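S.K.: Input structure: target_35.cif, which contains mmCIF, N, CA and C atoms and all ligand atoms.
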data_my_file
#
loop_
_atom_site.label_atom_id
_atom_site.label_comp_id
_atom_site.auth_asym_id
_atom_site.auth_seq_id
_atom_site.Cartn_x
_atom_site.Cartn_y
_atom_site.Cartn_z
N MET A 1 0.82 -1.21 0.00
CA MET A 1 0.00 0.00 0.00
C MET A 1 0.85 1.26 0.00
N ILE A 2 1.85 1.33 0.92
CA ILE A 2 2.66 2.55 0.93
C ILE A 2 3.61 2.53 -0.26
N GLY A 3 3.88 3.73 -0.74
CA GLY A 3 4.77 3.88 -1.89
C GLY A 3 6.09 4.51 -1.49
N LYS A 4 6.47 5.54 -2.21
CA LYS A 4 7.77 6.17 -1.99
C LYS A 4 7.86 6.81 -0.61
N LEU A 5 9.09 6.86 -0.11
CA LEU A 5 9.39 7.69 1.06
C LEU A 5 9.38 9.14 0.57
N ASN A 6 8.38 9.90 0.98
CA ASN A 6 8.27 11.29 0.50
C ASN A 6 9.27 12.19 1.21
N HIS A 7 9.34 12.07 2.54
CA HIS A 7 10.35 12.85 3.27
C HIS A 7 10.58 12.27 4.66
N VAL A 8 11.71 12.64 5.20
CA VAL A 8 12.04 12.42 6.60
C VAL A 8 12.03 13.81 7.24
N ALA A 9 11.27 13.96 8.32
CA ALA A 9 11.19 15.27 8.99
C ALA A 9 12.07 15.25 10.23
N ILE A 10 12.88 16.29 10.36
CA ILE A 10 13.78 16.42 11.50
C ILE A 10 13.43 17.72 12.22
N ALA A 11 13.07 17.60 13.48
CA ALA A 11 12.78 18.79 14.29
C ALA A 11 14.10 19.34 14.82
N VAL A 12 14.24 20.65 14.74
CA VAL A 12 15.52 21.28 15.13
C VAL A 12 15.25 22.49 16.00
N PRO A 13 16.16 22.76 16.94
CA PRO A 13 15.98 23.92 17.81
C PRO A 13 16.31 25.24 17.10
N ASP A 14 17.18 25.19 16.08
CA ASP A 14 17.61 26.41 15.39
C ASP A 14 17.55 26.14 13.89
N LEU A 15 16.47 26.62 13.28
CA LEU A 15 16.22 26.28 11.88
C LEU A 15 17.24 26.91 10.93
N GLU A 16 17.65 28.15 11.22
CA GLU A 16 18.68 28.81 10.39
C GLU A 16 19.98 28.01 10.40
N ALA A 17 20.37 27.56 11.60
CA ALA A 17 21.62 26.81 11.72
C ALA A 17 21.51 25.47 11.00
N ALA A 18 20.35 24.82 11.12
CA ALA A 18 20.17 23.53 10.46
C ALA A 18 20.17 23.71 8.94
N ARG A 19 19.57 24.78 8.47
CA ARG A 19 19.54 25.06 7.02
C ARG A 19 20.97 25.27 6.50
N ALA A 20 21.75 26.04 7.27
CA ALA A 20 23.14 26.30 6.87
C ALA A 20 23.96 25.01 6.90
N LEU A 21 23.69 24.15 7.88
CA LEU A 21 24.41 22.88 7.99
C LEU A 21 24.15 22.01 6.76
N TYR A 22 22.89 21.89 6.39
CA TYR A 22 22.57 21.06 5.21
C TYR A 22 23.10 21.70 3.93
N ARG A 23 23.06 23.01 3.83
CA ARG A 23 23.52 23.68 2.61
C ARG A 23 25.04 23.67 2.52
N ASP A 24 25.71 24.09 3.60
CA ASP A 24 27.15 24.34 3.52
C ASP A 24 27.98 23.11 3.85
N THR A 25 27.61 22.38 4.90
CA THR A 25 28.43 21.24 5.32
C THR A 25 28.08 20.00 4.51
N LEU A 26 26.78 19.76 4.31
CA LEU A 26 26.38 18.56 3.56
C LEU A 26 26.23 18.84 2.06
N GLY A 27 26.26 20.13 1.67
CA GLY A 27 26.22 20.47 0.25
C GLY A 27 24.91 20.14 -0.42
N ALA A 28 23.81 20.29 0.30
CA ALA A 28 22.50 19.97 -0.26
C ALA A 28 21.80 21.23 -0.75
N GLU A 29 20.81 21.00 -1.62
CA GLU A 29 19.98 22.10 -2.11
C GLU A 29 18.87 22.33 -1.09
N VAL A 30 18.80 23.54 -0.54
CA VAL A 30 17.82 23.82 0.50
C VAL A 30 16.91 24.96 0.07
N SER A 31 15.66 24.92 0.54
CA SER A 31 14.71 25.99 0.25
C SER A 31 14.91 27.14 1.23
N GLU A 32 14.21 28.22 0.96
CA GLU A 32 14.09 29.27 1.97
C GLU A 32 13.26 28.73 3.14
N ILE A 33 13.28 29.46 4.25
CA ILE A 33 12.41 29.10 5.38
C ILE A 33 10.98 29.52 5.04
N VAL A 34 10.06 28.58 5.20
CA VAL A 34 8.64 28.86 4.93
C VAL A 34 7.85 28.71 6.22
N ASP A 35 7.15 29.76 6.62
CA ASP A 35 6.28 29.67 7.80
C ASP A 35 5.00 28.93 7.43
N GLN A 36 4.60 28.00 8.31
CA GLN A 36 3.35 27.26 8.09
C GLN A 36 2.47 27.49 9.32
N PRO A 37 1.86 28.69 9.41
CA PRO A 37 1.14 29.04 10.64
C PRO A 37 0.03 28.07 10.99
N GLU A 38 -0.60 27.47 9.98
CA GLU A 38 -1.69 26.53 10.29
C GLU A 38 -1.17 25.22 10.86
N HIS A 39 0.15 24.99 10.78
CA HIS A 39 0.74 23.77 11.33
C HIS A 39 1.64 24.05 12.54
N GLY A 40 1.84 25.33 12.86
CA GLY A 40 2.68 25.66 14.02
C GLY A 40 4.16 25.35 13.82
N VAL A 41 4.58 25.33 12.58
CA VAL A 41 6.00 25.07 12.30
C VAL A 41 6.51 26.00 11.20
N ARG A 42 7.83 26.10 11.15
CA ARG A 42 8.52 26.72 10.01
C ARG A 42 9.31 25.59 9.36
N THR A 43 9.37 25.59 8.04
CA THR A 43 9.99 24.45 7.36
C THR A 43 11.08 24.90 6.39
N VAL A 44 12.04 24.03 6.25
CA VAL A 44 13.03 24.12 5.16
C VAL A 44 13.00 22.77 4.46
N PHE A 45 12.85 22.76 3.16
CA PHE A 45 12.87 21.52 2.40
C PHE A 45 14.25 21.33 1.80
N VAL A 46 14.81 20.16 2.05
CA VAL A 46 16.10 19.80 1.49
C VAL A 46 15.83 18.79 0.38
N GLU A 47 16.22 19.13 -0.83
CA GLU A 47 15.95 18.25 -1.98
C GLU A 47 17.12 17.30 -2.18
N LEU A 48 16.84 16.02 -2.08
CA LEU A 48 17.84 15.00 -2.38
C LEU A 48 17.40 14.28 -3.66
N PRO A 49 18.32 13.58 -4.31
CA PRO A 49 17.93 12.94 -5.58
C PRO A 49 16.77 11.95 -5.43
N ASN A 50 16.66 11.28 -4.28
CA ASN A 50 15.63 10.24 -4.16
C ASN A 50 14.55 10.54 -3.15
N THR A 51 14.68 11.59 -2.36
CA THR A 51 13.64 11.94 -1.40
C THR A 51 13.91 13.36 -0.90
N LYS A 52 13.20 13.74 0.14
CA LYS A 52 13.39 15.07 0.73
C LYS A 52 13.63 14.93 2.24
N ILE A 53 14.31 15.91 2.77
CA ILE A 53 14.39 16.07 4.21
C ILE A 53 13.62 17.35 4.53
N GLU A 54 12.79 17.28 5.55
CA GLU A 54 12.01 18.45 5.96
C GLU A 54 12.54 18.86 7.33
N LEU A 55 13.19 20.01 7.39
CA LEU A 55 13.66 20.53 8.67
C LEU A 55 12.53 21.34 9.28
N LEU A 56 12.20 21.04 10.53
CA LEU A 56 11.06 21.69 11.20
C LEU A 56 11.54 22.51 12.37
N GLY A 57 11.12 23.76 12.41
CA GLY A 57 11.37 24.63 13.56
C GLY A 57 10.05 25.06 14.17
N ILE A 58 10.12 25.51 15.40
CA ILE A 58 8.91 25.93 16.11
C ILE A 58 8.38 27.25 15.55
N LEU A 59 7.05 27.32 15.42
CA LEU A 59 6.41 28.59 15.09
C LEU A 59 5.23 28.79 16.07
N GLY A 60 5.26 29.86 16.83
CA GLY A 60 4.15 30.16 17.73
C GLY A 60 4.24 29.39 19.04
N GLU A 61 3.21 29.59 19.86
CA GLU A 61 3.24 29.07 21.23
C GLU A 61 2.67 27.66 21.35
N HIS A 62 1.96 27.20 20.34
CA HIS A 62 1.31 25.89 20.45
C HIS A 62 1.83 24.95 19.37
N SER A 63 3.14 25.03 19.16
CA SER A 63 3.71 24.22 18.09
C SER A 63 3.63 22.73 18.43
N PRO A 64 3.24 21.90 17.46
CA PRO A 64 3.16 20.46 17.74
C PRO A 64 4.53 19.82 17.96
N ILE A 65 5.61 20.54 17.67
CA ILE A 65 6.93 19.94 17.89
C ILE A 65 7.59 20.45 19.17
N ALA A 66 6.91 21.32 19.92
CA ALA A 66 7.53 21.90 21.12
C ALA A 66 7.88 20.82 22.15
N ALA A 67 6.94 19.91 22.41
CA ALA A 67 7.20 18.88 23.42
C ALA A 67 8.31 17.94 22.95
N PHE A 68 8.33 17.65 21.66
CA PHE A 68 9.38 16.80 21.11
C PHE A 68 10.75 17.43 21.33
N LEU A 69 10.85 18.74 21.09
CA LEU A 69 12.14 19.41 21.25
C LEU A 69 12.53 19.54 22.72
N GLU A 70 11.53 19.56 23.60
CA GLU A 70 11.87 19.54 25.03
C GLU A 70 12.52 18.21 25.40
N ARG A 71 12.01 17.14 24.83
CA ARG A 71 12.59 15.81 25.11
C ARG A 71 13.88 15.59 24.33
N ASN A 72 14.03 16.28 23.21
CA ASN A 72 15.21 16.11 22.34
C ASN A 72 15.80 17.48 22.02
N PRO A 73 16.48 18.08 22.99
CA PRO A 73 16.88 19.48 22.82
C PRO A 73 17.85 19.71 21.66
N ALA A 74 18.57 18.68 21.25
CA ALA A 74 19.49 18.86 20.11
C ALA A 74 18.77 18.63 18.78
N GLY A 75 17.49 18.28 18.83
CA GLY A 75 16.74 17.93 17.63
C GLY A 75 16.71 16.43 17.44
N GLY A 76 15.96 15.99 16.44
CA GLY A 76 15.88 14.54 16.18
C GLY A 76 14.87 14.26 15.09
N ILE A 77 14.90 13.00 14.64
CA ILE A 77 13.93 12.60 13.61
C ILE A 77 12.54 12.62 14.21
N HIS A 78 11.65 13.35 13.58
CA HIS A 78 10.30 13.56 14.12
C HIS A 78 9.27 12.65 13.46
N HIS A 79 9.31 12.52 12.15
CA HIS A 79 8.42 11.57 11.48
C HIS A 79 8.95 11.19 10.11
N LEU A 80 8.35 10.11 9.59
CA LEU A 80 8.60 9.67 8.22
C LEU A 80 7.31 9.85 7.44
N CYS A 81 7.42 10.21 6.18
CA CYS A 81 6.23 10.39 5.35
C CYS A 81 6.28 9.45 4.16
N TYR A 82 5.26 8.59 4.08
CA TYR A 82 5.13 7.66 2.96
C TYR A 82 4.00 8.13 2.05
N GLU A 83 4.20 7.93 0.77
CA GLU A 83 3.15 8.28 -0.20
C GLU A 83 2.16 7.14 -0.34
N VAL A 84 0.90 7.51 -0.49
CA VAL A 84 -0.14 6.54 -0.82
C VAL A 84 -0.96 7.10 -1.99
N ASP A 85 -1.57 6.20 -2.75
CA ASP A 85 -2.37 6.63 -3.90
C ASP A 85 -3.72 7.21 -3.46
N ASP A 86 -4.30 6.61 -2.44
CA ASP A 86 -5.66 6.99 -2.03
C ASP A 86 -5.67 7.05 -0.51
N ILE A 87 -5.69 8.27 0.02
CA ILE A 87 -5.49 8.42 1.46
C ILE A 87 -6.70 7.92 2.26
N LEU A 88 -7.89 8.06 1.71
CA LEU A 88 -9.07 7.58 2.44
C LEU A 88 -9.11 6.06 2.47
N ALA A 89 -8.75 5.43 1.37
CA ALA A 89 -8.68 3.97 1.35
C ALA A 89 -7.60 3.49 2.32
N ALA A 90 -6.48 4.19 2.35
CA ALA A 90 -5.39 3.81 3.27
C ALA A 90 -5.86 3.94 4.72
N ARG A 91 -6.53 5.05 5.03
CA ARG A 91 -7.03 5.25 6.39
C ARG A 91 -8.00 4.13 6.79
N ASP A 92 -8.92 3.83 5.90
CA ASP A 92 -9.93 2.81 6.24
C ASP A 92 -9.27 1.45 6.47
N ARG A 93 -8.29 1.14 5.65
CA ARG A 93 -7.59 -0.14 5.81
C ARG A 93 -6.83 -0.18 7.14
N LEU A 94 -6.17 0.93 7.49
CA LEU A 94 -5.39 0.96 8.72
C LEU A 94 -6.29 0.93 9.94
N GLU A 95 -7.39 1.67 9.90
CA GLU A 95 -8.31 1.65 11.04
C GLU A 95 -8.93 0.27 11.22
N ALA A 96 -9.21 -0.39 10.11
CA ALA A 96 -9.77 -1.74 10.19
C ALA A 96 -8.76 -2.70 10.82
N ALA A 97 -7.46 -2.39 10.65
CA ALA A 97 -6.40 -3.22 11.22
C ALA A 97 -6.11 -2.83 12.67
N GLY A 98 -6.82 -1.82 13.19
CA GLY A 98 -6.65 -1.43 14.58
C GLY A 98 -5.65 -0.31 14.81
N ALA A 99 -5.12 0.29 13.75
CA ALA A 99 -4.16 1.39 13.91
C ALA A 99 -4.92 2.67 14.23
N ARG A 100 -4.26 3.52 15.00
CA ARG A 100 -4.88 4.79 15.39
C ARG A 100 -4.43 5.92 14.47
N VAL A 101 -5.40 6.62 13.91
CA VAL A 101 -5.12 7.82 13.13
C VAL A 101 -5.25 9.00 14.07
N LEU A 102 -4.30 9.91 14.05
CA LEU A 102 -4.32 11.04 14.98
C LEU A 102 -5.38 12.06 14.57
N GLY A 103 -5.80 12.87 15.53
CA GLY A 103 -6.78 13.92 15.27
C GLY A 103 -8.15 13.32 15.02
N ASP A 104 -8.92 13.98 14.17
CA ASP A 104 -10.30 13.52 13.94
C ASP A 104 -10.37 12.48 12.83
N GLY A 105 -9.23 12.08 12.32
CA GLY A 105 -9.21 11.02 11.31
C GLY A 105 -9.45 11.51 9.90
N GLU A 106 -9.70 12.80 9.76
CA GLU A 106 -9.91 13.35 8.42
C GLU A 106 -8.59 13.92 7.90
N PRO A 107 -8.28 13.70 6.63
CA PRO A 107 -7.04 14.25 6.08
C PRO A 107 -7.02 15.78 6.15
N LYS A 108 -5.82 16.31 6.44
CA LYS A 108 -5.60 17.75 6.42
C LYS A 108 -4.67 18.07 5.25
N ILE A 109 -4.66 19.33 4.85
CA ILE A 109 -3.73 19.72 3.80
C ILE A 109 -2.38 19.97 4.46
N GLY A 110 -1.37 19.21 4.04
CA GLY A 110 -0.06 19.26 4.68
C GLY A 110 0.83 20.35 4.11
N ALA A 111 2.09 20.29 4.51
CA ALA A 111 3.05 21.34 4.16
C ALA A 111 3.33 21.40 2.66
N HIS A 112 2.97 20.35 1.92
CA HIS A 112 3.21 20.38 0.48
C HIS A 112 1.94 20.61 -0.31
N GLY A 113 0.85 21.01 0.40
CA GLY A 113 -0.40 21.29 -0.29
C GLY A 113 -1.18 20.05 -0.68
N LYS A 114 -0.84 18.90 -0.09
CA LYS A 114 -1.55 17.66 -0.41
C LYS A 114 -2.16 17.07 0.85
N PRO A 115 -3.19 16.22 0.71
CA PRO A 115 -3.85 15.67 1.90
C PRO A 115 -2.91 14.73 2.67
N VAL A 116 -2.90 14.90 3.99
CA VAL A 116 -2.05 14.06 4.84
C VAL A 116 -2.83 13.58 6.06
N LEU A 117 -2.32 12.48 6.62
CA LEU A 117 -2.80 11.94 7.89
C LEU A 117 -1.58 11.52 8.70
N PHE A 118 -1.72 11.53 10.03
CA PHE A 118 -0.65 11.03 10.88
C PHE A 118 -1.14 9.81 11.66
N LEU A 119 -0.24 8.85 11.82
CA LEU A 119 -0.56 7.59 12.50
C LEU A 119 0.18 7.53 13.83
N HIS A 120 -0.48 6.94 14.82
CA HIS A 120 0.08 6.92 16.16
C HIS A 120 1.42 6.17 16.21
N PRO A 121 2.45 6.80 16.79
CA PRO A 121 3.77 6.15 16.81
C PRO A 121 3.77 4.80 17.54
N LYS A 122 2.90 4.65 18.54
CA LYS A 122 2.91 3.39 19.28
C LYS A 122 2.42 2.23 18.42
N ASP A 123 1.71 2.54 17.36
CA ASP A 123 1.22 1.49 16.47
C ASP A 123 2.21 1.19 15.33
N PHE A 124 3.28 1.99 15.21
CA PHE A 124 4.21 1.83 14.08
C PHE A 124 5.67 1.89 14.54
N CYS A 125 6.00 0.95 15.40
CA CYS A 125 7.41 0.75 15.77
C CYS A 125 8.03 1.99 16.42
N GLY A 126 7.19 2.76 17.13
CA GLY A 126 7.73 3.92 17.83
C GLY A 126 8.04 5.09 16.93
N THR A 127 7.49 5.08 15.70
CA THR A 127 7.78 6.16 14.75
C THR A 127 6.48 6.83 14.33
N LEU A 128 6.44 8.14 14.46
CA LEU A 128 5.30 8.89 13.93
C LEU A 128 5.34 8.79 12.41
N VAL A 129 4.22 8.36 11.82
CA VAL A 129 4.15 8.15 10.38
C VAL A 129 3.13 9.11 9.78
N GLU A 130 3.55 9.81 8.75
CA GLU A 130 2.66 10.67 7.97
C GLU A 130 2.38 9.95 6.65
N LEU A 131 1.12 9.95 6.25
CA LEU A 131 0.77 9.46 4.91
C LEU A 131 0.38 10.66 4.08
N GLU A 132 0.89 10.71 2.87
CA GLU A 132 0.55 11.81 1.96
C GLU A 132 0.02 11.22 0.67
N GLN A 133 -1.12 11.75 0.25
CA GLN A 133 -1.66 11.31 -1.05
C GLN A 133 -0.83 11.97 -2.16
N ALA A 134 -0.12 11.15 -2.90
CA ALA A 134 0.85 11.72 -3.87
C ALA A 134 0.14 12.23 -5.12
CO CO A 201 5.92 15.79 7.10
#
Is it possible to express this structure as structure tokens?
M.R.:
Amino acid sequence: MIGKLNHVAIAVPDLEAARALYRDTLGAEVSEIVDQPEHGVRTVFVELPNTKIELLGILGEHSPIAAFLERNPAGGIHHLCYEVDDILAARDRLEAAGARVLGDGEPKIGAHGKPVLFLHPKDFCGTLVELEQA
């Protein structure tokens, strides 16, 4: 059911520094910083030949990554995003299998302008999983 690895998201305490690290030290192509107020994060997209890295920084007081960064002050891998062809079919299949979809279970428009869902990390090997309809 799942397809390509769309991105690996890394939460970071200092987004400017992380952007410079990926650009200058790792020699990657990086985007400008984009504020995503509806998601409580600021993002930098790192384009790799086979996937993307999404660097996430805190935006605002109710950022969904604030607690994660408290537990991981140096930053860390926050989630993996897999592509699916049909996000509602994927959700129904996963819920039927007993997996928990976060929030109200309805897809939201994610950072790339496409419908996404998040799956409970306890149901997926301790990893927060995002599904994106490609
Ligand atoms: Co993501």
S.K.: In terms of the shortest atom-to-atom distance over only C-alpha atoms, which of A:Glu61, A:Glu16, A:Asp24, A:Asp92 is closest to Val44 in chain A?
M.R.: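 With only C-alpha atoms as the atom set, the closest residue is A:Glu16.
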S.K.: Provide the CA of Leu5 in chain A to CA of Glu83 in chain A distance in Å, to one decimal place.
M.R.: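 That distance, rounded to one decimal, is 6.4 Å.
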S.K.: Please find the residues contacting ligand CO 201 (chain A) at a distance of at most 8 Å between atoms, with only N, CA and C atoms and all ligand atoms counted, and report them as a list in words.
M.R.: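 Answer in the requested format: Asn6, His7, Val8, Ala9, Ile10, Glu54, His78, His79, Leu80, Cys81, Tyr82, Gly110, Ala111, His112, Val129, Glu130 and Leu131 of chain A.
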S.K.: With N, CA and C atoms retained, export the selected residues as a PDB file, keeping the file's coordinate frame.
M.R.:
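To be explicit, this is the file written out as again.pdb:
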ATOM      1  N   ASN A   6       8.380   9.900   0.980  1.00  0.00           N
ATOM      2  CA  ASN A   6       8.270  11.290   0.500  1.00  0.00           C
ATOM      3  C   ASN A   6       9.270  12.190   1.210  1.00  0.00           C
ATOM      4  N   HIS A   7       9.340  12.070   2.540  1.00  0.00           N
ATOM      5  CA  HIS A   7      10.350  12.850   3.270  1.00  0.00           C
ATOM      6  C   HIS A   7      10.580  12.270   4.660  1.00  0.00           C
ATOM      7  N   VAL A   8      11.710  12.640   5.200  1.00  0.00           N
ATOM      8  CA  VAL A   8      12.040  12.420   6.600  1.00  0.00           C
ATOM      9  C   VAL A   8      12.030  13.810   7.240  1.00  0.00           C
ATOM     10  N   ALA A   9      11.270  13.960   8.320  1.00  0.00           N
ATOM     11  CA  ALA A   9      11.190  15.270   8.990  1.00  0.00           C
ATOM     12  C   ALA A   9      12.070  15.250  10.230  1.00  0.00           C
ATOM     13  N   ILE A  10      12.880  16.290  10.360  1.00  0.00           N
ATOM     14  CA  ILE A  10      13.780  16.420  11.500  1.00  0.00           C
ATOM     15  C   ILE A  10      13.430  17.720  12.220  1.00  0.00           C
ATOM     16  N   GLU A  54      12.790  17.280   5.550  1.00  0.00           N
ATOM     17  CA  GLU A  54      12.010  18.450   5.960  1.00  0.00           C
ATOM     18  C   GLU A  54      12.540  18.860   7.330  1.00  0.00           C
ATOM     19  N   HIS A  78      11.650  13.350  13.580  1.00  0.00           N
ATOM     20  CA  HIS A  78      10.300  13.560  14.120  1.00  0.00           C
ATOM     21  C   HIS A  78       9.270  12.650  13.460  1.00  0.00           C
ATOM     22  N   HIS A  79       9.310  12.520  12.150  1.00  0.00           N
ATOM     23  CA  HIS A  79       8.420  11.570  11.480  1.00  0.00           C
ATOM     24  C   HIS A  79       8.950  11.190  10.110  1.00  0.00           C
ATOM     25  N   LEU A  80       8.350  10.110   9.590  1.00  0.00           N
ATOM     26  CA  LEU A  80       8.600   9.670   8.220  1.00  0.00           C
ATOM     27  C   LEU A  80       7.310   9.850   7.440  1.00  0.00           C
ATOM     28  N   CYS A  81       7.420  10.210   6.180  1.00  0.00           N
ATOM     29  CA  CYS A  81       6.230  10.390   5.350  1.00  0.00           C
ATOM     30  C   CYS A  81       6.280   9.450   4.160  1.00  0.00           C
ATOM     31  N   TYR A  82       5.260   8.590   4.080  1.00  0.00           N
ATOM     32  CA  TYR A  82       5.130   7.660   2.960  1.00  0.00           C
ATOM     33  C   TYR A  82       4.000   8.130   2.050  1.00  0.00           C
ATOM     34  N   GLY A 110      -1.370  19.210   4.040  1.00  0.00           N
ATOM     35  CA  GLY A 110      -0.060  19.260   4.680  1.00  0.00           C
ATOM     36  C   GLY A 110       0.830  20.350   4.110  1.00  0.00           C
ATOM     37  N   ALA A 111       2.090  20.290   4.510  1.00  0.00           N
ATOM     38  CA  ALA A 111       3.050  21.340   4.160  1.00  0.00           C
ATOM     39  C   ALA A 111       3.330  21.400   2.660  1.00  0.00           C
ATOM     40  N   HIS A 112       2.970  20.350   1.920  1.00  0.00           N
ATOM     41  CA  HIS A 112       3.210  20.380   0.480  1.00  0.00           C
ATOM     42  C   HIS A 112       1.940  20.610  -0.310  1.00  0.00           C
ATOM     43  N   VAL A 129       4.220   8.360  11.820  1.00  0.00           N
ATOM     44  CA  VAL A 129       4.150   8.150  10.380  1.00  0.00           C
ATOM     45  C   VAL A 129       3.130   9.110   9.780  1.00  0.00           C
ATOM     46  N   GLU A 130       3.550   9.810   8.750  1.00  0.00           N
ATOM     47  CA  GLU A 130       2.660  10.670   7.970  1.00  0.00           C
ATOM     48  C   GLU A 130       2.380   9.950   6.650  1.00  0.00           C
ATOM     49  N   LEU A 131       1.120   9.950   6.250  1.00  0.00           N
ATOM     50  CA  LEU A 131       0.770   9.460   4.910  1.00  0.00           C
ATOM     51  C   LEU A 131       0.380  10.660   4.080  1.00  0.00           C
TER      52      LEU A 131
END
S.K.: CA of Pro107 in chain A and CA of Ser63 in chain A are how many Å apart?
M.R.: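 Separating CA of Pro107 in chain A from CA of Ser63 in chain A is a distance of 19.0 Å.
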S.K.: Can you tell me which residues surround Asp123 in chain A at a distance of at most 8 Å, considering all atoms listed in the file, apart from same-chain residues fewer than 3 positions away, and format the answer as a PDB file with N, CA and C atoms, in the coordinates of the input?
M.R.:
ATOM      1  N   GLY A  98      -6.820  -1.820  13.190  1.00  0.00           N
ATOM      2  CA  GLY A  98      -6.650  -1.430  14.580  1.00  0.00           C
ATOM      3  C   GLY A  98      -5.650  -0.310  14.810  1.00  0.00           C
ATOM      4  N   ALA A  99      -5.120   0.290  13.750  1.00  0.00           N
ATOM      5  CA  ALA A  99      -4.160   1.390  13.910  1.00  0.00           C
ATOM      6  C   ALA A  99      -4.920   2.670  14.230  1.00  0.00           C
ATOM      7  N   ARG A 100      -4.260   3.520  15.000  1.00  0.00           N
ATOM      8  CA  ARG A 100      -4.880   4.790  15.390  1.00  0.00           C
ATOM      9  C   ARG A 100      -4.430   5.920  14.470  1.00  0.00           C
ATOM     10  N   LEU A 119      -0.240   8.850  11.820  1.00  0.00           N
ATOM     11  CA  LEU A 119      -0.560   7.590  12.500  1.00  0.00           C
ATOM     12  C   LEU A 119       0.180   7.530  13.830  1.00  0.00           C
ATOM     13  N   HIS A 120      -0.480   6.940  14.820  1.00  0.00           N
ATOM     14  CA  HIS A 120       0.080   6.920  16.160  1.00  0.00           C
ATOM     15  C   HIS A 120       1.420   6.170  16.210  1.00  0.00           C
ATOM     16  N   GLY A 126       7.190   2.760  17.130  1.00  0.00           N
ATOM     17  CA  GLY A 126       7.730   3.920  17.830  1.00  0.00           C
ATOM     18  C   GLY A 126       8.040   5.090  16.930  1.00  0.00           C
ATOM     19  N   THR A 127       7.490   5.080  15.700  1.00  0.00           N
ATOM     20  CA  THR A 127       7.780   6.160  14.750  1.00  0.00           C
ATOM     21  C   THR A 127       6.480   6.830  14.330  1.00  0.00           C
ATOM     22  N   LEU A 128       6.440   8.140  14.460  1.00  0.00           N
ATOM     23  CA  LEU A 128       5.300   8.890  13.930  1.00  0.00           C
ATOM     24  C   LEU A 128       5.340   8.790  12.410  1.00  0.00           C
TER      25      LEU A 128
END
S.K.: What does the distance from CA of Ser31 in chain A to CA of Leu69 in chain A come to in Å, to one decimal?
M.R.: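 Computing it gives 22.2 Å between the two atoms.
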S.K.: Between A:Glu38, A:Ala11, A:Glu132, A:Leu59, single out the one closest to Asp86 in chain A, counting only N, CA and C atoms.
M.R.: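 Comparing A:Glu38, A:Ala11, A:Glu132, A:Leu59 against Asp86 in chain A, the winner is A:Glu132.
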S.K.: Can you check which residues of chain A DSSP gives as strand (DSSP E or B) on the backbone and send them as a PyMOL selection string?
M.R.: chain A and resi 5-11+29-30+34-36+41-47+52-58+76-84+101+108-109+115-119+129-133
S.K.: In terms of the shortest atom-to-atom distance over only C-alpha atoms, which of A:Leu21, A:Leu117, A:Val34, A:Leu48 is closest to Ala89 in chain A?
M.R.: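 Closest to Ala89 in chain A of all the choices is A:Leu117.
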S.K.: Could you pull out the residues in range 8-123 of chain A that DSSP calls helix (DSSP H, G or I) from the backbone, as number ranges by chain?
M.R.: A: 15-25, 66-71, 87-96, 121-123
S.K.: Please check which residues have atoms at most 10 Å from (10.3, 23.9, 3.7) in the file's coordinates, counting only C-alpha atoms, and write them as a list of chain:residue names.
M.R.: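 Answer for this query, in the requested form: A:Arg19, A:Val30, A:Ser31, A:Glu32, A:Ile33, A:Val34, A:Asp35, A:Gln36, A:Val41, A:Arg42, A:Thr43, A:Val44, A:Phe45, A:Val46, A:Glu47, A:Lys52, A:Ile53, A:Glu54, A:Leu55, A:Leu56, A:Gly57, A:Ala111, A:His112.
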S.K.: Please provide as a short mmCIF file (atom, residue, chain, number, x, y, z; two decimals) with N, CA and C atoms, keeping the file's coordinate frame all residues within 10 Å of Ala90 in chain A, with the sequence filter that same-chain residues fewer than 3 positions apart are discarded (counting only C-alpha atoms).
M.R.:
data_model
loop_
_atom_site.label_atom_id
_atom_site.label_comp_id
_atom_site.auth_asym_id
_atom_site.auth_seq_id
_atom_site.Cartn_x
_atom_site.Cartn_y
_atom_site.Cartn_z
N MET A 1 0.82 -1.21 0.00
CA MET A 1 0.00 0.00 0.00
C MET A 1 0.85 1.26 0.00
N ILE A 2 1.85 1.33 0.92
CA ILE A 2 2.66 2.55 0.93
C ILE A 2 3.61 2.53 -0.26
N VAL A 84 0.90 7.51 -0.49
CA VAL A 84 -0.14 6.54 -0.82
C VAL A 84 -0.96 7.10 -1.99
N ASP A 85 -1.57 6.20 -2.75
CA ASP A 85 -2.37 6.63 -3.90
C ASP A 85 -3.72 7.21 -3.46
N ASP A 86 -4.30 6.61 -2.44
CA ASP A 86 -5.66 6.99 -2.03
C ASP A 86 -5.67 7.05 -0.51
N ILE A 87 -5.69 8.27 0.02
CA ILE A 87 -5.49 8.42 1.46
C ILE A 87 -6.70 7.92 2.26
N ARG A 93 -8.29 1.14 5.65
CA ARG A 93 -7.59 -0.14 5.81
C ARG A 93 -6.83 -0.18 7.14
N LEU A 94 -6.17 0.93 7.49
CA LEU A 94 -5.39 0.96 8.72
C LEU A 94 -6.29 0.93 9.94
N GLU A 95 -7.39 1.67 9.90
CA GLU A 95 -8.31 1.65 11.04
C GLU A 95 -8.93 0.27 11.22
N ALA A 96 -9.21 -0.39 10.11
CA ALA A 96 -9.77 -1.74 10.19
C ALA A 96 -8.76 -2.70 10.82
N LEU A 117 -2.32 12.48 6.62
CA LEU A 117 -2.80 11.94 7.89
C LEU A 117 -1.58 11.52 8.70
N LEU A 131 1.12 9.95 6.25
CA LEU A 131 0.77 9.46 4.91
C LEU A 131 0.38 10.66 4.08
N GLN A 133 -1.12 11.75 0.25
CA GLN A 133 -1.66 11.31 -1.05
C GLN A 133 -0.83 11.97 -2.16
#
